[in-house]
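Raw contents of input17.tsv, TSV, C-alpha atoms and all ligand atoms:
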chain	number	residue	atom	x	y	z
A	1	MET	CA	-28.75	88.87	-178.31
A	2	GLN	CA	-26.33	90.82	-180.47
A	3	LEU	CA	-23.98	88.41	-182.21
A	4	ALA	CA	-20.33	89.31	-182.55
A	5	LEU	CA	-19.94	92.32	-184.81
A	6	LYS	CA	-18.61	91.54	-188.25
A	7	CYS	CA	-15.34	93.12	-189.38
A	8	TYR	CA	-17.25	95.60	-191.60
A	9	ALA	CA	-19.55	96.78	-188.78
A	10	SER	CA	-18.95	100.20	-187.23
A	11	ASP	CA	-16.92	99.83	-184.05
A	12	PRO	CA	-17.58	102.53	-181.43
A	13	ALA	CA	-14.00	102.14	-180.18
A	14	LEU	CA	-12.78	103.24	-183.63
A	15	SER	CA	-15.23	106.15	-183.96
A	16	ARG	CA	-13.94	109.25	-185.71
A	17	GLY	CA	-15.11	111.07	-182.63
A	18	ARG	CA	-17.11	114.13	-181.66
A	19	ARG	CA	-16.61	117.71	-182.74
A	20	HIS	CA	-15.99	118.76	-179.15
A	21	ALA	CA	-13.76	116.37	-177.19
A	22	GLU	CA	-15.50	114.73	-174.23
A	23	PRO	CA	-14.35	112.00	-171.83
A	24	PRO	CA	-15.98	108.63	-172.61
A	25	ALA	CA	-19.05	107.59	-170.60
A	26	PRO	CA	-18.29	104.91	-167.98
A	27	THR	CA	-20.96	102.38	-168.97
A	28	ARG	CA	-22.00	103.26	-172.52
A	29	ASP	CA	-20.10	103.26	-175.79
A	30	ALA	CA	-20.15	106.25	-178.16
A	31	PHE	CA	-23.17	105.14	-180.22
A	32	GLN	CA	-25.26	104.16	-177.18
A	33	ARG	CA	-24.56	107.57	-175.74
A	34	ASP	CA	-25.60	109.23	-179.02
A	35	ARG	CA	-28.88	107.33	-178.97
A	36	ASP	CA	-29.58	108.40	-175.39
A	37	ARG	CA	-28.86	112.05	-176.21
A	38	ILE	CA	-31.26	111.89	-179.14
A	39	VAL	CA	-34.06	110.37	-177.04
A	40	HIS	CA	-33.64	113.12	-174.42
A	41	SER	CA	-33.64	115.96	-176.96
A	42	THR	CA	-36.47	118.45	-177.38
A	43	ALA	CA	-36.67	117.83	-181.13
A	44	PHE	CA	-37.30	114.12	-180.48
A	45	ARG	CA	-40.28	114.84	-178.21
A	46	ARG	CA	-41.75	117.14	-180.85
A	47	LEU	CA	-41.90	114.26	-183.36
A	48	VAL	CA	-45.01	112.97	-181.64
A	49	TYR	CA	-46.98	115.98	-182.89
A	50	LYS	CA	-45.57	116.08	-186.40
A	51	THR	CA	-47.32	114.73	-189.45
A	52	GLN	CA	-46.15	111.70	-191.37
A	53	VAL	CA	-48.86	111.70	-194.08
A	54	PHE	CA	-52.02	112.51	-192.16
A	55	LEU	CA	-52.07	115.64	-190.06
A	56	ASN	CA	-51.66	114.96	-186.39
A	57	HIS	CA	-55.16	116.14	-185.50
A	58	GLU	CA	-56.90	114.03	-188.15
A	59	GLY	CA	-56.95	110.90	-186.01
A	60	ASP	CA	-55.28	109.31	-183.02
A	61	LEU	CA	-54.19	106.10	-184.70
A	62	PHE	CA	-52.24	107.39	-187.69
A	63	ARG	CA	-48.47	107.31	-187.71
A	64	THR	CA	-46.66	110.39	-186.58
A	65	ARG	CA	-42.98	111.11	-187.13
A	66	LEU	CA	-42.31	109.61	-183.70
A	67	THR	CA	-44.00	106.26	-184.27
A	68	HIS	CA	-42.48	106.16	-187.76
A	69	SER	CA	-38.99	106.69	-186.29
A	70	LEU	CA	-39.58	103.91	-183.73
A	71	GLU	CA	-40.69	101.55	-186.49
A	72	VAL	CA	-37.57	102.36	-188.53
A	73	ALA	CA	-35.42	101.72	-185.45
A	74	GLN	CA	-37.14	98.38	-184.80
A	75	LEU	CA	-36.79	97.16	-188.40
A	76	GLY	CA	-33.23	98.47	-188.57
A	77	ARG	CA	-32.17	96.74	-185.39
A	78	SER	CA	-33.63	93.38	-186.46
A	79	ILE	CA	-31.78	93.51	-189.75
A	80	ALA	CA	-28.55	94.77	-188.13
A	81	ARG	CA	-28.60	91.87	-185.68
A	82	ALA	CA	-28.91	89.34	-188.46
A	83	LEU	CA	-26.10	90.96	-190.47
A	84	GLY	CA	-23.71	91.45	-187.53
A	85	LEU	CA	-23.85	95.25	-187.90
A	86	ASN	CA	-23.88	97.69	-185.01
A	87	GLU	CA	-27.44	97.81	-183.63
A	88	ASP	CA	-26.87	100.83	-181.43
A	89	LEU	CA	-25.61	102.95	-184.30
A	90	VAL	CA	-28.58	101.90	-186.43
A	91	GLU	CA	-30.92	102.83	-183.61
A	92	ALA	CA	-29.29	106.23	-183.07
A	93	ILE	CA	-29.49	107.12	-186.77
A	94	ALA	CA	-33.07	105.83	-187.10
A	95	LEU	CA	-34.32	107.80	-184.11
A	96	ALA	CA	-32.67	110.99	-185.39
A	97	HIS	CA	-33.32	110.63	-189.12
A	98	ASP	CA	-36.50	112.76	-189.17
A	99	LEU	CA	-35.65	115.34	-186.50
A	100	GLY	CA	-35.39	118.09	-189.13
A	101	HIS	CA	-38.87	117.62	-190.54
A	102	THR	CA	-41.13	120.66	-190.64
A	103	PRO	CA	-44.71	120.59	-189.38
A	104	PHE	CA	-47.26	119.23	-191.91
A	105	GLY	CA	-44.92	116.68	-193.51
A	106	HIS	CA	-43.72	117.18	-197.07
A	107	ALA	CA	-46.20	120.00	-197.63
A	108	GLY	CA	-44.53	122.03	-194.90
A	109	GLN	CA	-41.06	121.26	-196.21
A	110	SER	CA	-41.83	122.32	-199.78
A	111	ALA	CA	-43.48	125.57	-198.62
A	112	LEU	CA	-40.47	126.38	-196.44
A	113	ASP	CA	-38.11	125.51	-199.28
A	114	ASP	CA	-39.99	128.00	-201.52
A	115	CYS	CA	-39.75	130.71	-198.84
A	116	MET	CA	-36.00	130.05	-198.57
A	117	SER	CA	-35.31	129.79	-202.33
A	118	ASP	CA	-33.16	132.97	-202.35
A	119	PHE	CA	-31.44	132.07	-199.08
A	120	GLY	CA	-30.02	128.59	-199.62
A	121	GLY	CA	-33.30	126.61	-199.63
A	122	PHE	CA	-34.62	124.25	-197.01
A	123	GLU	CA	-33.93	120.53	-196.94
A	124	HIS	CA	-35.05	118.27	-194.10
A	125	ASN	CA	-31.98	116.00	-194.04
A	126	LEU	CA	-29.73	118.98	-193.70
A	127	GLN	CA	-32.06	120.36	-191.06
A	128	SER	CA	-31.85	117.11	-189.06
A	129	LEU	CA	-28.10	117.65	-188.96
A	130	ARG	CA	-28.57	121.31	-187.93
A	131	VAL	CA	-30.82	120.15	-185.08
A	132	VAL	CA	-28.21	117.79	-183.63
A	133	ASP	CA	-25.24	120.06	-184.44
A	134	THR	CA	-26.51	123.48	-183.35
A	135	LEU	CA	-30.21	123.95	-182.65
A	136	GLU	CA	-30.51	121.79	-179.54
A	137	ARG	CA	-29.20	123.93	-176.70
A	138	ARG	CA	-28.92	121.90	-173.51
A	139	TYR	CA	-25.23	121.38	-172.75
A	140	PRO	CA	-23.04	123.92	-170.98
A	141	ALA	CA	-19.98	123.60	-173.19
A	142	PHE	CA	-21.38	123.38	-176.72
A	143	ASP	CA	-24.43	123.87	-178.93
A	144	GLY	CA	-26.12	120.79	-180.31
A	145	LEU	CA	-25.83	117.23	-178.99
A	146	ASN	CA	-22.18	116.75	-179.97
A	147	LEU	CA	-22.89	113.35	-181.56
A	148	SER	CA	-20.18	111.16	-182.98
A	149	PHE	CA	-19.19	111.33	-186.64
A	150	GLU	CA	-20.85	108.03	-187.57
A	151	THR	CA	-24.27	109.07	-186.26
A	152	ARG	CA	-24.05	112.48	-187.94
A	153	GLU	CA	-22.91	110.84	-191.18
A	154	GLY	CA	-26.02	108.63	-191.13
A	155	ILE	CA	-28.33	111.56	-190.42
A	156	LEU	CA	-27.09	113.44	-193.49
A	157	LYS	CA	-28.75	111.05	-195.91
A	158	HIS	CA	-28.94	113.37	-198.93
A	159	CYS	CA	-27.11	116.57	-199.63
A	160	ALA	CA	-27.12	118.78	-202.72
A	161	PRO	CA	-23.62	119.43	-204.17
A	162	ALA	CA	-23.65	123.15	-203.23
A	163	ASN	CA	-24.57	122.33	-199.63
A	164	ALA	CA	-21.94	119.59	-199.50
A	165	GLN	CA	-19.25	122.09	-200.58
A	166	ARG	CA	-20.43	124.57	-197.97
A	167	ILE	CA	-20.46	122.02	-195.12
A	168	ASP	CA	-17.12	120.60	-196.19
A	169	ALA	CA	-15.54	124.08	-196.15
A	170	HIS	CA	-16.71	124.44	-192.57
A	171	GLU	CA	-15.82	120.88	-191.56
A	172	PRO	CA	-13.07	119.69	-193.94
A	173	GLY	CA	-13.24	115.96	-194.65
A	174	GLY	CA	-16.33	115.70	-192.47
A	175	VAL	CA	-19.81	114.32	-192.97
A	176	ALA	CA	-20.42	116.05	-196.33
A	177	ARG	CA	-17.22	114.80	-197.99
A	178	ARG	CA	-18.85	111.63	-199.27
A	179	PHE	CA	-21.24	113.63	-201.46
A	180	ILE	CA	-18.19	115.20	-203.14
A	181	GLU	CA	-16.18	111.96	-203.35
A	182	ARG	CA	-19.30	109.96	-204.17
A	183	SER	CA	-18.58	107.31	-201.58
A	184	GLN	CA	-21.12	105.62	-199.30
A	185	PRO	CA	-21.90	106.11	-195.62
A	186	SER	CA	-21.40	103.25	-193.13
A	187	LEU	CA	-23.36	100.02	-193.67
A	188	GLU	CA	-25.48	100.97	-190.63
A	189	ALA	CA	-26.48	104.25	-192.33
A	190	GLN	CA	-27.23	102.42	-195.59
A	191	LEU	CA	-29.41	100.03	-193.61
A	192	CYS	CA	-31.41	102.89	-192.06
A	193	ASN	CA	-32.33	104.18	-195.52
A	194	LEU	CA	-33.82	100.83	-196.47
A	195	ALA	CA	-35.53	100.37	-193.09
A	196	ASP	CA	-37.09	103.80	-193.63
A	197	GLU	CA	-38.45	102.74	-197.02
A	198	ILE	CA	-39.76	99.39	-195.71
A	199	ALA	CA	-41.43	101.15	-192.77
A	200	TYR	CA	-43.26	103.87	-194.67
A	201	ASN	CA	-44.40	101.64	-197.53
A	202	ALA	CA	-46.02	99.35	-194.96
A	203	HIS	CA	-47.49	101.89	-192.58
A	204	ASP	CA	-48.78	104.15	-195.33
A	205	ILE	CA	-50.82	101.22	-196.65
A	206	ASP	CA	-52.16	100.66	-193.15
A	207	ASP	CA	-52.97	104.35	-192.59
A	208	GLY	CA	-54.34	104.70	-196.13
A	209	VAL	CA	-56.79	101.83	-195.61
A	210	ARG	CA	-57.67	103.01	-192.11
A	211	SER	CA	-58.49	106.48	-193.41
A	212	GLY	CA	-60.76	105.02	-196.08
A	213	LEU	CA	-58.75	106.68	-198.88
A	214	ILE	CA	-57.42	103.36	-200.20
A	215	GLU	CA	-59.49	100.23	-200.87
A	216	VAL	CA	-58.05	96.74	-200.47
A	217	ASP	CA	-59.35	95.91	-203.97
A	218	SER	CA	-57.32	98.66	-205.55
A	219	LEU	CA	-54.23	97.63	-203.54
A	220	CYS	CA	-54.51	94.27	-205.28
A	221	GLU	CA	-53.39	96.09	-208.48
A	222	VAL	CA	-49.93	96.11	-206.89
A	223	ALA	CA	-48.11	92.81	-207.49
A	224	PHE	CA	-46.44	92.80	-204.08
A	225	PHE	CA	-49.71	93.27	-202.20
A	226	ARG	CA	-51.64	90.90	-204.48
A	227	ARG	CA	-49.21	88.06	-203.88
A	228	PHE	CA	-49.42	88.21	-200.08
A	229	HIS	CA	-53.14	88.90	-200.16
A	230	ALA	CA	-53.70	85.70	-202.19
A	231	GLU	CA	-51.43	83.76	-199.85
A	232	THR	CA	-53.26	85.08	-196.77
A	233	MET	CA	-56.74	84.32	-198.16
A	234	ALA	CA	-55.67	80.81	-199.21
A	235	GLU	CA	-54.50	80.07	-195.68
A	236	HIS	CA	-57.29	81.94	-193.88
A	237	PRO	CA	-60.37	81.96	-196.15
A	238	GLN	CA	-62.62	83.26	-193.35
A	239	LEU	CA	-60.45	86.28	-192.52
A	240	LYS	CA	-62.12	89.67	-192.92
A	241	GLY	CA	-61.56	93.40	-192.60
A	242	SER	CA	-58.52	94.97	-191.00
A	243	ARG	CA	-57.04	91.62	-189.97
A	244	VAL	CA	-56.55	90.84	-193.65
A	245	VAL	CA	-54.66	94.08	-194.14
A	246	TYR	CA	-52.55	93.51	-191.01
A	247	GLU	CA	-51.66	90.00	-192.11
A	248	VAL	CA	-50.74	91.09	-195.65
A	249	ILE	CA	-48.60	93.94	-194.30
A	250	ARG	CA	-46.92	91.59	-191.83
A	251	ARG	CA	-46.01	89.21	-194.64
A	252	MET	CA	-44.79	92.04	-196.86
A	253	LEU	CA	-42.62	93.40	-194.05
A	254	SER	CA	-41.09	90.01	-193.28
A	255	SER	CA	-40.39	89.26	-196.91
A	256	GLN	CA	-38.60	92.61	-197.39
A	257	VAL	CA	-36.59	92.15	-194.20
A	258	TYR	CA	-35.46	88.64	-195.22
A	259	ASP	CA	-34.78	89.89	-198.73
A	260	VAL	CA	-32.49	92.70	-197.50
A	261	ILE	CA	-30.64	90.27	-195.24
A	262	GLU	CA	-30.11	87.76	-198.04
A	263	ALA	CA	-29.19	90.25	-200.77
A	264	THR	CA	-26.84	92.13	-198.45
A	265	GLN	CA	-25.17	88.96	-197.20
A	266	SER	CA	-24.40	87.96	-200.75
A	267	ALA	CA	-23.11	91.46	-201.65
A	268	LEU	CA	-20.88	91.36	-198.56
A	269	ALA	CA	-19.68	87.87	-199.39
A	270	SER	CA	-18.65	88.87	-202.91
A	271	THR	CA	-16.97	92.18	-202.00
A	272	ALA	CA	-15.57	91.06	-198.61
A	273	PRO	CA	-14.77	94.53	-197.20
A	274	PRO	CA	-12.08	94.04	-194.50
A	275	ASP	CA	-13.40	96.88	-192.32
A	276	ALA	CA	-16.10	99.54	-192.00
A	277	ASP	CA	-14.12	102.10	-193.97
A	278	ALA	CA	-13.48	99.76	-196.90
A	279	ALA	CA	-17.24	99.13	-197.05
A	280	ARG	CA	-17.78	102.88	-197.66
A	281	HIS	CA	-15.89	102.61	-200.95
A	282	GLN	CA	-17.75	99.64	-202.43
A	283	GLY	CA	-20.97	101.23	-203.66
A	284	PRO	CA	-24.16	100.55	-201.72
A	285	LEU	CA	-23.93	97.07	-200.19
A	286	VAL	CA	-27.06	97.03	-198.04
A	287	GLN	CA	-29.66	96.34	-200.68
A	288	PHE	CA	-32.84	94.65	-201.86
A	289	SER	CA	-32.73	91.96	-204.52
A	290	HIS	CA	-33.65	93.23	-208.01
A	291	THR	CA	-37.12	91.71	-207.78
A	292	VAL	CA	-38.00	93.27	-204.44
A	293	ARG	CA	-36.43	96.60	-205.47
A	294	SER	CA	-38.81	96.84	-208.42
A	295	ARG	CA	-41.80	95.63	-206.37
A	296	SER	CA	-41.12	98.27	-203.77
A	297	ALA	CA	-40.90	100.93	-206.50
A	298	GLU	CA	-44.27	99.82	-207.90
A	299	LEU	CA	-45.83	100.05	-204.46
A	300	LYS	CA	-44.34	103.49	-203.91
A	301	GLN	CA	-45.84	104.70	-207.22
A	302	PHE	CA	-49.22	103.34	-206.20
A	303	LEU	CA	-49.06	105.22	-202.90
A	304	PHE	CA	-48.10	108.42	-204.73
A	305	ARG	CA	-51.03	108.19	-207.10
A	306	ASN	CA	-53.64	106.99	-204.63
A	307	LEU	CA	-52.64	108.39	-201.26
A	308	TYR	CA	-50.09	111.21	-201.26
A	309	ARG	CA	-51.86	112.88	-204.21
A	310	HIS	CA	-55.37	111.99	-203.08
A	311	GLU	CA	-57.64	115.02	-203.26
A	312	GLN	CA	-58.38	114.84	-199.56
A	313	VAL	CA	-54.67	114.80	-198.69
A	314	THR	CA	-53.70	117.56	-201.14
A	315	ARG	CA	-56.52	119.83	-199.94
A	316	THR	CA	-55.01	119.73	-196.44
A	317	THR	CA	-51.52	120.19	-197.80
A	318	GLU	CA	-52.51	123.40	-199.60
A	319	ARG	CA	-53.86	124.77	-196.34
A	320	ALA	CA	-50.70	123.69	-194.51
A	321	GLN	CA	-48.48	125.37	-197.10
A	322	GLN	CA	-50.42	128.58	-196.73
A	323	VAL	CA	-49.87	128.49	-192.94
A	324	VAL	CA	-46.10	128.04	-193.38
A	325	ARG	CA	-45.82	130.78	-196.04
A	326	GLU	CA	-47.83	133.26	-194.01
A	327	LEU	CA	-45.91	132.54	-190.80
A	328	PHE	CA	-42.66	133.10	-192.71
A	329	GLY	CA	-43.91	136.45	-194.07
A	330	ILE	CA	-45.08	137.64	-190.67
A	331	TYR	CA	-41.79	136.79	-188.90
A	332	LEU	CA	-39.90	138.53	-191.69
A	333	GLU	CA	-41.75	141.74	-190.88
A	334	ARG	CA	-42.06	141.26	-187.12
A	335	SER	CA	-39.15	139.16	-185.93
A	336	ARG	CA	-39.97	139.98	-182.30
A	337	GLU	CA	-42.95	137.62	-182.55
A	338	MET	CA	-40.34	134.86	-182.34
A	339	PRO	CA	-38.44	133.83	-179.16
A	340	ALA	CA	-35.31	135.90	-178.54
A	341	TYR	CA	-32.87	133.22	-179.72
A	342	PHE	CA	-34.39	133.35	-183.22
A	343	ALA	CA	-35.38	137.04	-183.25
A	344	GLN	CA	-31.87	138.23	-182.43
A	345	ARG	CA	-29.95	136.22	-185.02
A	346	SER	CA	-28.30	138.11	-187.89
A	347	ASP	CA	-29.05	135.33	-190.42
A	348	ARG	CA	-32.68	136.43	-190.38
A	349	GLU	CA	-34.25	134.11	-192.99
A	350	ARG	CA	-32.40	131.03	-191.74
A	351	ALA	CA	-33.45	131.85	-188.18
A	352	ILE	CA	-37.10	131.99	-189.28
A	353	ALA	CA	-36.74	128.68	-191.15
A	354	ASP	CA	-35.16	127.09	-188.06
A	355	TYR	CA	-37.99	128.35	-185.87
A	356	ILE	CA	-40.79	127.23	-188.20
A	357	ALA	CA	-39.13	123.86	-188.90
A	358	GLY	CA	-39.04	123.13	-185.18
A	359	MET	CA	-42.79	123.65	-184.76
A	360	THR	CA	-45.25	120.83	-184.25
A	361	ASP	CA	-48.37	120.79	-186.46
A	362	ARG	CA	-50.62	122.07	-183.73
A	363	PHE	CA	-48.21	124.76	-182.53
A	364	ALA	CA	-47.90	126.09	-186.09
A	365	MET	CA	-51.70	126.19	-186.41
A	366	ARG	CA	-52.11	127.97	-183.07
A	367	GLU	CA	-49.33	130.43	-183.82
A	368	HIS	CA	-50.86	131.16	-187.23
A	369	GLU	CA	-54.22	131.75	-185.60
A	370	ARG	CA	-52.66	134.05	-182.99
A	371	LEU	CA	-50.87	136.14	-185.61
A	372	THR	CA	-53.57	136.30	-188.29
A	373	GLY	CA	-56.74	135.99	-186.23
A	374	ARG	CA	-57.92	133.34	-188.71
A	375	GLN	CA	-58.81	129.79	-187.70
A	376	TRP	CA	-57.74	126.58	-189.45
A	377	VAL	CA	-60.81	125.60	-191.45
A	378	GLU	CA	-61.08	122.14	-192.98
A	401	MG	MG	-38.36	108.57	-192.47
As structure tokens, what does this structure read like?
Amino acid sequence: MQLALKCYASDPALSRGRRHAEPPAPTRDAFQRDRDRIVHSTAFRRLVYKTQVFLNHEGDLFRTRLTHSLEVAQLGRSIARALGLNEDLVEAIALAHDLGHTPFGHAGQSALDDCMSDFGGFEHNLQSLRVVDTLERRYPAFDGLNLSFETREGILKHCAPANAQRIDAHEPGGVARRFIERSQPSLEAQLCNLADEIAYNAHDIDDGVRSGLIEVDSLCEVAFFRRFHAETMAEHPQLKGSRVVYEVIRRMLSSQVYDVIEATQSALASTAPPDADAARHQGPLVQFSHTVRSRSAELKQFLFRNLYRHEQVTRTTERAQQVVRELFGIYLERSREMPAYFAQRSDRERAIADYIAGMTDRFAMREHERLTGRQWVE
């Protein structure tokens, strides 16, 4: 049960509204309606075939962008409930936060960013906003999903200064203003960032062990893992195999969730923001304690060294980057290979980036094969 919202929670009745005025829905508030629009979008369904770390075709049990987004929403909602923040807004932001991701995870994004280096670059947070603001085309009266300000604000998690200036010129005082003023987004948006970090640290350990690229013994180099591993083995000396990993991850997740709740409650108690807007001007308030912040950083470094930069992962990423670069080059020369909506746009490079970014892993591979006659070889 959602407890009464605290005074600093985002209140849908006080929303800064949508870009195109719409009558309110009879049974749902603004943030619930945003969440429903996101779930029914095309970009959301594509997340199931987009890579998180492991390519979608490498195994059926690895996380995809979709399961990752659901895990972020679940963690976010649990924490929001305990803090008296708006659960529906957290859920809407969490479900939309990765909509702008390219196929092939970070490999795809960096290849597309290289292709776009002379044309404003490519950044997945900005792309998530483009998806919900313009690229979804399913309503008669407007492009995009016409989400409320607070959901869009949460989706735009990072933004380079030049992009912030550009968006703010187009939408004065809108979602990019905080990157110019250096203020914070709502507490619900701050919470989604941490839930994202908690979720991927945990599930990348799980997927890393499952794939055989990471050994439990080497994970014990990381203080955070070692502590809960020792605790688990002391309580369950007979436990073996994947159940050990699941139990350690479960304990790590719980401890981070309780840590965020406790550290945030004390930050809120000492700053006492009277409303959601005042909370935006206090510096980040949703936070880990110092200890857990540094433990999480250590774990992240371990995953970088041992998983994201593992030879087997980087070999696939090089192949994925080649696919993205070659697709970009081909569409540049033969734009009619793209659907009419993209082929006919005058902002040619951005149209190609939008088209490629929307692809699932397997569609990009098939399209590359169709256009080059070469097959994806492992
Ligand atoms: Mg994420």
Could you check which of A:Val132, A:Leu253, A:Ala160, A:Val72 is closest to ligand MG 401 (chain A), using only C-alpha atoms and all ligand atoms?
->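 For ligand MG 401 (chain A), the nearest of the given residues is A:Val72.
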Hey, could you make a per-residue contact list for chain A against ligand MG 401 (chain A) with 10 Å as the cut-off, showing the nearest pair of atoms and its distance in Å to one decimal, counting all atoms listed in the file, sorted by chain and number, as JSON lines?
{"residue": "A:Gln52", "atom": "CA", "partner": "A:MG401", "partner_atom": "MG", "distance": 8.5}
{"residue": "A:Arg65", "atom": "CA", "partner": "A:MG401", "partner_atom": "MG", "distance": 7.5}
{"residue": "A:Leu66", "atom": "CA", "partner": "A:MG401", "partner_atom": "MG", "distance": 9.7}
{"residue": "A:His68", "atom": "CA", "partner": "A:MG401", "partner_atom": "MG", "distance": 6.7}
{"residue": "A:Ser69", "atom": "CA", "partner": "A:MG401", "partner_atom": "MG", "distance": 6.5}
{"residue": "A:Leu70", "atom": "CA", "partner": "A:MG401", "partner_atom": "MG", "distance": 10.0}
{"residue": "A:Glu71", "atom": "CA", "partner": "A:MG401", "partner_atom": "MG", "distance": 9.5}
{"residue": "A:Val72", "atom": "CA", "partner": "A:MG401", "partner_atom": "MG", "distance": 7.4}
{"residue": "A:Ala94", "atom": "CA", "partner": "A:MG401", "partner_atom": "MG", "distance": 8.0}
{"residue": "A:Leu95", "atom": "CA", "partner": "A:MG401", "partner_atom": "MG", "distance": 9.3}
{"residue": "A:Ala96", "atom": "CA", "partner": "A:MG401", "partner_atom": "MG", "distance": 9.4}
{"residue": "A:His97", "atom": "CA", "partner": "A:MG401", "partner_atom": "MG", "distance": 6.4}
{"residue": "A:Asp98", "atom": "CA", "partner": "A:MG401", "partner_atom": "MG", "distance": 5.6}
{"residue": "A:Leu99", "atom": "CA", "partner": "A:MG401", "partner_atom": "MG", "distance": 9.4}
{"residue": "A:His101", "atom": "CA", "partner": "A:MG401", "partner_atom": "MG", "distance": 9.3}
{"residue": "A:Asn125", "atom": "CA", "partner": "A:MG401", "partner_atom": "MG", "distance": 9.9}
{"residue": "A:Cys192", "atom": "CA", "partner": "A:MG401", "partner_atom": "MG", "distance": 9.0}
{"residue": "A:Asn193", "atom": "CA", "partner": "A:MG401", "partner_atom": "MG", "distance": 8.1}
{"residue": "A:Leu194", "atom": "CA", "partner": "A:MG401", "partner_atom": "MG", "distance": 9.8}
{"residue": "A:Ala195", "atom": "CA", "partner": "A:MG401", "partner_atom": "MG", "distance": 8.7}
{"residue": "A:Asp196", "atom": "CA", "partner": "A:MG401", "partner_atom": "MG", "distance": 5.1}
{"residue": "A:Glu197", "atom": "CA", "partner": "A:MG401", "partner_atom": "MG", "distance": 7.4}
{"residue": "A:Ile198", "atom": "CA", "partner": "A:MG401", "partner_atom": "MG", "distance": 9.8}
{"residue": "A:Ala199", "atom": "CA", "partner": "A:MG401", "partner_atom": "MG", "distance": 8.0}
{"residue": "A:Tyr200", "atom": "CA", "partner": "A:MG401", "partner_atom": "MG", "distance": 7.1}
What are the nearest atom pairs, with distances in Å to one decimal, for all residues of range 161-236 of chain A that come at most 8 Å from range 285-304 of chain A, using all atoms listed in the file, set out by chain and rising residue number as JSON lines?
{"residue": "A:Leu187", "atom": "CA", "partner": "A:Val286", "partner_atom": "CA", "distance": 6.5}
{"residue": "A:Gln190", "atom": "CA", "partner": "A:Val286", "partner_atom": "CA", "distance": 5.9}
{"residue": "A:Leu191", "atom": "CA", "partner": "A:Val286", "partner_atom": "CA", "distance": 5.8}
{"residue": "A:Leu194", "atom": "CA", "partner": "A:Gln287", "partner_atom": "CA", "distance": 7.4}
{"residue": "A:Asn201", "atom": "CA", "partner": "A:Lys300", "partner_atom": "CA", "distance": 6.6}
{"residue": "A:Asp204", "atom": "CA", "partner": "A:Leu303", "partner_atom": "CA", "distance": 7.7}
{"residue": "A:Ile205", "atom": "CA", "partner": "A:Leu303", "partner_atom": "CA", "distance": 7.6}
{"residue": "A:Val222", "atom": "CA", "partner": "A:Leu299", "partner_atom": "CA", "distance": 6.2}
{"residue": "A:Ala223", "atom": "CA", "partner": "A:Arg295", "partner_atom": "CA", "distance": 7.0}
{"residue": "A:Phe224", "atom": "CA", "partner": "A:Arg295", "partner_atom": "CA", "distance": 5.9}
Mind giving me the straight-line distance from CA of Thr360 in chain A to CA of Val48 in chain A in Å, one decimal?
->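 So the two atoms, CA of Thr360 in chain A and CA of Val48 in chain A, lie 8.3 Å apart.
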Please indicate the distance in Å from CA of Met252 in chain A to CA of Ala4 in chain A, rounded to one decimal place.
->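 Rounded to one decimal, the two atoms are 28.5 Å apart.
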May I ask for the distance between CA of Glu247 in chain A and CA of Arg305 in chain A, given in Å to one decimal place?
->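 Between CA of Glu247 in chain A and CA of Arg305 in chain A the gap is 23.6 Å.
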Residues within 9 Å of (-27.6, 110.5, -178.9), file coordinates, counting all atoms listed in the file: what are they? Give the list as a JSON list (two decimals) with C-alpha atoms, in the coordinates of the input.
[["chain", "number", "residue", "atom", "x", "y", "z"],
["A", 30, "ALA", "CA", -20.15, 106.25, -178.16],
["A", 31, "PHE", "CA", -23.17, 105.14, -180.22],
["A", 32, "GLN", "CA", -25.26, 104.16, -177.18],
["A", 33, "ARG", "CA", -24.56, 107.57, -175.74],
["A", 34, "ASP", "CA", -25.60, 109.23, -179.02],
["A", 35, "ARG", "CA", -28.88, 107.33, -178.97],
["A", 36, "ASP", "CA", -29.58, 108.40, -175.39],
["A", 37, "ARG", "CA", -28.86, 112.05, -176.21],
["A", 38, "ILE", "CA", -31.26, 111.89, -179.14],
["A", 39, "VAL", "CA", -34.06, 110.37, -177.04],
["A", 40, "HIS", "CA", -33.64, 113.12, -174.42],
["A", 41, "SER", "CA", -33.64, 115.96, -176.96],
["A", 92, "ALA", "CA", -29.29, 106.23, -183.07],
["A", 93, "ILE", "CA", -29.49, 107.12, -186.77],
["A", 95, "LEU", "CA", -34.32, 107.80, -184.11],
["A", 96, "ALA", "CA", -32.67, 110.99, -185.39],
["A", 132, "VAL", "CA", -28.21, 117.79, -183.63],
["A", 145, "LEU", "CA", -25.83, 117.23, -178.99],
["A", 146, "ASN", "CA", -22.18, 116.75, -179.97],
["A", 147, "LEU", "CA", -22.89, 113.35, -181.56],
["A", 148, "SER", "CA", -20.18, 111.16, -182.98],
["A", 151, "THR", "CA", -24.27, 109.07, -186.26]]
Of the candidates A:Val131, A:Val377, A:Ala111, A:Val313, which one gets nearest to Gly208 in chain A if we count all atoms listed in the file?
-> A:Val313
Would you kindly return, as a ChimeraX atom specification, each protein, DNA or RNA residue with an atom no farther than 8 Å from any atom of Ile180 in chain A, considering only C-alpha atoms and excluding same-chain residues fewer than 6 positions away?
-> /A:161,164-165
Check the smallest atom-to-atom distance from each of A:Glu188, A:Met116, A:Cys220, A:Thr42 to Ala73 in chain A using all atoms listed in the file, then report the winner.
-> A:Glu188
Would you please work out which residue, of A:Arg19, A:Arg177, A:His368, A:Arg345, is nearest to Arg280 in chain A when using only C-alpha atoms?
->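 Ranking A:Arg19, A:Arg177, A:His368, A:Arg345 by distance to Arg280 in chain A, first place goes to A:Arg177.
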Arg366 in chain A surroundings by all atoms listed in the file, 12 Å radius, close-in-sequence under 5 positions cut, as a list in words =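 The filter keeps Val323, Val324, Leu327, Met359, Thr360, Asp361, Leu371, Thr372, Gly373, Arg374, Gln375 and Trp376 of chain A.
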